[in-house]
Amino acid sequence: MLKLSDAVRNRLLGSESLEEIFSDCVIRIYTGYPPSEANDAETGTLLVTITKDGKTTPTKQRMAIVATPADNTEYVIFLNGVRISYKSGTSATADDISAGLTNAINIAQGVETNNIVIKNDKIYDKFIVTDVANGSGKVIIEAKNENERFTLDAGNNINIETLVENYYGLHFSKNVTNGTLQKDDNELWTGKCMRDGVAGYFRIVKPDDDGSENPNAVRLQGTVGTSNADMIVSSTQFHKDSMQTISALSIVMPSV
């Protein structure tokens, strides 16, 4: 039976989905019997960590928005779905627009008033924003934390450049049907085994999870087996230096 940590259960009862909660997680597969609860400390021996493309080094995603100067024009971007805009004046230069957009992004993340921060949880304290200010109209947006993916879309008069792709963490598809959340078909989920052993259970966790007892950690735990298990594998015997790949993984929400 799949088990969720208290952190996941609490966030699900709030405003987040499983797809959002487990974005940028990894899968760890261990030997032995699973702990009684997902909050508990890990047991057994770690055999393999499954990541996007088998990468082992997290990166900070970086993107750029490049504005084309135009007078009295509203420039709009969508950062993690949050609409942010800046309207240029007359005789607007590229640097004027990049400075205006930079200020608008910083204000949208959170405004401090009388030592109280009014924040937008979708973007607050998640980015480092840099106004290039060299006549290019370019603003660099970088994830503050390693391996935290963000989305960036823009309206007219703005181009988007990808400078550093985010990788390492795994993602589920946003297209949920029939109560089933599935892995993103566009991602390769794989990892090199660290040692020989018999797989017993897995955990989906954030990359910085230290494995200790922690009800505040994001975790989903389940069994591994060739049948009658939460994760079905062709063989539970894992071998050092072999690649373990997960081609499909579904989480089903029961109707009753």
# chains A, B, ... in the order shown; residues from 1 in each chain; ligands from 1

$ closest_atom_pairs --of "region 10-37 of chain A" --to "region 185-193 of chain A" --cutoff "10 Å" --atoms "only C-alpha atoms" --output "tab-separated table"
residue	atom	partner	partner_atom	distance
A:Val26	CA	A:Trp189	CA	9.1
A:Ile27	CA	A:Trp189	CA	9.0
A:Arg28	CA	A:Gly191	CA	9.6
A:Ile29	CA	A:Cys193	CA	9.5

$ write_last_selection --atoms "C-alpha atoms" --output "CSV table (one decimal), in the first residue's frame"
chain,number,residue,atom,x,y,z
A,26,VAL,CA,13.7,11.7,-7.2
A,27,ILE,CA,13.0,8.0,-6.5
A,28,ARG,CA,15.1,6.0,-4.1
A,29,ILE,CA,14.9,2.2,-4.1

$ select_by_dssp --residues "region 18-215 of chain A" --states "strand (DSSP E or B)" --output "ChimeraX atom specification"
/A:25-31,46-52,62-67,74-79,82-87,110-113,116-119,127-131,138-143,152-154,158-164,170,172,177,180-183,189-192,197-205

$ write_last_selection --atoms "C-alpha atoms" --output "short mmCIF file (atom, residue, chain, number, x, y, z; two decimals), in the first residue's frame"
data_model
loop_
_atom_site.label_atom_id
_atom_site.label_comp_id
_atom_site.auth_asym_id
_atom_site.auth_seq_id
_atom_site.Cartn_x
_atom_site.Cartn_y
_atom_site.Cartn_z
CA CYS A 25 11.56 14.79 -6.77
CA VAL A 26 13.69 11.67 -7.18
CA ILE A 27 12.95 7.99 -6.54
CA ARG A 28 15.11 6.01 -4.13
CA ILE A 29 14.93 2.22 -4.09
CA TYR A 30 16.07 0.33 -0.99
CA THR A 31 16.57 -3.23 0.22
CA LEU A 46 19.97 2.39 -0.81
CA LEU A 47 20.43 0.59 -4.13
CA VAL A 48 19.72 3.28 -6.70
CA THR A 49 18.42 6.83 -7.08
CA ILE A 50 16.25 7.41 -10.15
CA THR A 51 16.57 10.87 -11.70
CA LYS A 52 15.75 12.59 -14.96
CA ARG A 62 18.09 30.04 -15.89
CA MET A 63 15.99 31.79 -18.52
CA ALA A 64 16.03 35.23 -20.08
CA ILE A 65 13.29 37.52 -21.28
CA VAL A 66 14.30 39.89 -24.07
CA ALA A 67 12.03 42.88 -24.70
CA GLU A 74 2.20 46.75 -21.86
CA TYR A 75 4.77 43.98 -21.47
CA VAL A 76 3.37 40.82 -19.90
CA ILE A 77 5.06 37.66 -18.62
CA PHE A 78 3.66 34.64 -16.79
CA LEU A 79 6.04 33.29 -14.15
CA VAL A 82 1.48 34.45 -12.19
CA ARG A 83 0.75 37.38 -14.50
CA ILE A 84 3.32 40.18 -14.20
CA SER A 85 3.22 43.31 -16.33
CA TYR A 86 5.00 46.60 -16.97
CA LYS A 87 3.85 49.45 -19.20
CA GLY A 110 6.45 39.85 -2.30
CA VAL A 111 6.12 43.37 -0.96
CA GLU A 112 7.39 44.20 2.52
CA THR A 113 5.30 46.75 4.42
CA ILE A 116 5.29 42.33 7.04
CA VAL A 117 5.78 40.54 3.73
CA ILE A 118 2.74 40.10 1.51
CA LYS A 119 3.88 37.20 -0.61
CA PHE A 127 14.11 33.58 -8.06
CA ILE A 128 17.14 35.75 -8.53
CA VAL A 129 16.28 38.43 -11.10
CA THR A 130 19.03 40.37 -12.88
CA ASP A 131 18.59 43.38 -15.13
CA LYS A 138 17.34 41.41 -21.33
CA VAL A 139 16.35 40.23 -17.86
CA ILE A 140 17.84 37.02 -16.41
CA ILE A 141 15.60 34.88 -14.19
CA GLU A 142 17.37 32.15 -12.23
CA ALA A 143 15.86 29.63 -9.82
CA LEU A 152 7.99 31.24 -18.04
CA ASP A 153 5.71 32.46 -20.82
CA ALA A 154 5.44 35.87 -22.41
CA ILE A 158 9.05 39.66 -25.56
CA ASN A 159 11.20 36.69 -26.55
CA ILE A 160 12.25 33.95 -24.13
CA GLU A 161 15.70 32.37 -24.13
CA THR A 162 16.61 29.19 -22.27
CA LEU A 163 20.09 29.61 -20.80
CA VAL A 164 20.34 26.58 -18.50
CA LEU A 170 11.40 14.01 -12.05
CA PHE A 172 4.57 13.79 -13.53
CA THR A 177 -7.36 11.31 -16.39
CA THR A 180 -4.59 8.57 -12.45
CA LEU A 181 -1.38 10.60 -12.22
CA GLN A 182 1.33 9.30 -14.56
CA LYS A 183 5.00 10.01 -15.21
CA TRP A 189 13.65 8.11 -15.52
CA THR A 190 16.81 6.11 -14.85
CA GLY A 191 19.76 5.64 -12.53
CA LYS A 192 22.92 3.58 -12.04
CA GLY A 197 20.97 -6.10 -3.55
CA VAL A 198 17.33 -7.15 -3.53
CA ALA A 199 14.88 -4.28 -3.92
CA GLY A 200 12.18 -4.13 -1.26
CA TYR A 201 10.65 -0.67 -1.28
CA PHE A 202 10.90 2.80 -2.80
CA ARG A 203 10.39 6.37 -1.78
CA ILE A 204 9.63 9.44 -3.88
CA VAL A 205 11.38 12.30 -2.10
#

$ atom_distance --atom1 "CA of Met243 (chain A)" --atom2 "CA of Met194 (chain A)"
9.8 Å

$ closest_residue --among "A:Met253, A:Val233, A:Ile97, A:Leu220" --to "Asp6 (chain A)" --atoms "only C-alpha atoms"
A:Leu220

$ closest_residue --among "A:Ser91, A:Asn72, A:Ser250, A:Thr45" --to "Ser173 (chain A)" --atoms "only C-alpha atoms"
A:Ser250

$ closest_residue --among "A:Leu18, A:Leu2, A:Ala104, A:Ala41" --to "Val176 (chain A)" --atoms "only C-alpha atoms"
A:Leu18

$ closest_residue --among "A:Pro58, A:Gly179, A:Gly222, A:Gly32" --to "Leu4 (chain A)" --atoms "only C-alpha atoms"
A:Gly222
